[in-house]
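Chemist: Dropping the structure in here first, questions after.
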Amino acid sequence: MKTYKVACLTFLSVLLPFSLAFSQNVETPFYQQSEVSVDERVEDLLSRMTLAEKVGQMTQLNNTMINVSGEQRDLNINLDKAREFVLTHHVGSFLNGEGESQEEWLDFLTQLQKIAVEESRLGIPIIYGIDHMHGASYLKNSTIFPHSINIAATFDATNAYNAGYVTAYESSHLGHRWNFAPVLDLGREPRWPRQYETFGESPYLASKLGVAYVEGLQGSHDWNDYQVAATAKHFLGYSEPKSGWDRSPVELSDQSLYEFHVPSFRAAIDAGIKTVMLNSGEINGVPVHASKPIVTTLLRDELGFEGVVVTDWDDIGKLFNFHYVAETYKEAVYLAVEAGIDMSMTPTHLGFNTDLISLVEEGRISEERIDESVRRILRLKFDIGLFEYPFPESGKKSRLRTPENVEKAYQSAQQSMVLLENDGVLPLDANREGAILVTGPSASSKRNLSGGWTVAWQGGEEYRYPEDMQTLYNAIVAAFPNSEVHLVEDWTNTARIDSISEFVDLAVVAFGEEPYTEFVGNIRDLTLPAEQLHLVEALSDHQLPVVGVYIGGRPRLVTDFTEHMSALLWAGLPGFEGAGAIASILTGEFNPSGRLPFSYPRFPSHFAPYNHKPSDVYFFNPEEANDIQQGEASIWQYPFGYGLSYTTFEYSDLTMDSEFTISGDNDGPLVANLTIQNVGSRQGVETVLWYIQDVTGIVTRPVRELKGVEKVSLGPGESTTLKIQLDVLKDLTYPISGNKYRLESGTFRLHVGNLTKEFGVEIENRDRALEFDY
């Protein structure tokens, strides 16, 4: 009997856990069980949702709708408003804020998420969107990297990766799980006010750096259970408006779209980017938010994107009241949803919700179409672990501005500096004596170094930047301890400038632009304010060596400035560590290695990118009728890839086979070899860029296209041999329609440094060309 009891107890002790587990699983909704596949969880949750709950998931509202004051900076939540939007209208996403403390962010997002997870019927967590464009720029005391145009000037994907990585490291645990970066538009239009947000004008470079940023931001890092979704924006062609103004019309052929603007987005999609934001403007007369050929056919069908497509700010409304392709807001909602959008950044009203529900109830939009979008949104939330880790995590303050991450930002800033002019005045001796004048609009400004999207949308007020952040003046004082450094903040005061110029022996002028982004930064031409030129002229009149430091987001014209300067350094928007980086270039502590990722224009209204068509640039002989000569001698102030160093590199011995036969089946790479030697007296880093020129094509070919980058560090007298490998089906082909690419027999040229190697390609057993699908 005793033995029987023991056996029964043993049996029950084994059975009970299974019974409890079964009971718990019955009570726990299928979609809340982490061991179940994401696909099954999504379908289970979707099947439980009402139409109103589904449409709520497709809605994103601004934080001003749920805070106390209605100001974007305010992170004090109004619980009654939040409950109304989340519980009554089922809103599934919010966005925005400004550079406030992590404690404020923790409190705000914890309270918001508790409403969604603990009080709503289905417990679907909120996904919160934020514009952390160069580090966690809407978070106080974060590490701020240079803007993307500076990252591009480094030509080093490691810096793009670090920018994404550190952004996630510092902010993901606070609930910032959806970051609206990177910008994958091309910086081909220098007037465009978002040029600094791009990785420059090269599709190749934008692709490489964009992928690296995505991998850094979205990666499954061992320190992070709080995954972040990146956003490829702004799909597509947004950056080349005819007028140069933000959100204004773009006119581009399909060939230009596929050849220049698609590659960076394709690369990010292939790398697994989770979301895409659309172009706010129109292409060839059709607003992108209403274009099914772009949003569905191109993005979904051809590029294979399966993630979430989000609108930009109120861009559905702009179909009605800006582009005028819809007579009512409701009709605009219909156009956008039918085009293929998944989520509307509405962001300050519920018109999208009410109109979309009406459109479904009227039968104009099917609920199956709604399910497509909601399925993608739910998958995104499951994929980044929002259901397992919905609440922000406190106790991570040590993540902000760690020495390791600040050093990464500092090195990125150093490597991004591009020396444009130098008559020998640089580098300066750090132990020099004498007196230095530091002046200009950016001499003592922290916000100018950082640009837009820093602390606030258009950059914050000066007092909101970190106390320990150096201005250029502070950095120069620290870099030259034996010099008297004089700051003149009132740089338009001619009498003051004349007075101090009498007893200084060097002037550093920090000139350029103040912060801006989007349409606020629209300009009529590239000319800088005349007062800045007058300052440089006045200093030059005193026979002072003038070192110009250009700080700004666009390549404003410096043609008239350079004749009055002994040196000119392009600093772009180098971020919080930028002043120290500039000073390290001036002293020679760091040998400049940055290269321009865009073509610097010479004229206010005539410019072209480096990969322009042959007929874009030509000259004529006025003495001879109809005599057109092609060339590039004076189209740019400085060409793409330009940058000086404090040492000299010599290229030699470029070798490769002169003829290649291509079968089209597993052809190996084409290999070239090149010798580079540092023939100067300083250690330096050379950024080696190689280009391909397809001499003839049935579609006119660019004069050259960047196809590879390698950075080489060499001491004085040292040399190295580089092997350049060209992938035939990537580097020698071009798109002709949709996903179809073409390789033609004919002559090609490899350009690297001042060397060129011509080679021929023959397509075996074909009629001079090979066409294939991407």
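Here, A, B, ... name the chains of the structure tokens in the order displayed, residue numbers run from 1 inside each chain, and ligands are numbered from 1 in the same displayed order.
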Residues at most 12 Å from A:Glu197, counting only C-alpha atoms, excluding those fewer than 5 positions away in the same chain, as a ChimeraX atom specification?
Modeler: /A:131-134,146-152,180-187,190,192,206,210,233-234,239,450-453,516-518,552-554,572-573
Chemist: Pick out each residue of stretch 507-709 of chain A that DSSP on the backbone tags as strand (DSSP E or B); I need them as a PyMOL selection string.
Modeler: chain A and resi 507-512+546-551+567-572+600-601+618-620+628-630+636-638+644+649-655+659-662+670-678+684-694+705-709
Chemist: I'd like the neighbourhood of A:Leu722 as number ranges by chain, where a residue qualifies if any of its atoms comes within 9 Å (using only C-alpha atoms), though same-chain residues fewer than 2 positions away should be ignored.
Modeler: A: 672-676, 710, 720, 724
Chemist: Mind pulling up the distance from atom CA of A:Gly129 to atom CA of A:Glu462?
Modeler: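 Between atom CA of A:Glu462 and atom CA of A:Gly129 the gap is 25.4 Å.
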Chemist: Pick out the closest residue to A:Phe391 from this set: A:Pro702, A:Pro125, A:Gly97, A:Gly70. Count only C-alpha atoms.
Modeler: A:Pro125
Chemist: Find the residue from A:Gly715, A:Pro193, A:Gly738, A:Gly363 that sits nearest to A:Pro515; use only C-alpha atoms when measuring.
Modeler: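 Among A:Gly715, A:Pro193, A:Gly738, A:Gly363, it is A:Pro193 that comes nearest to A:Pro515.
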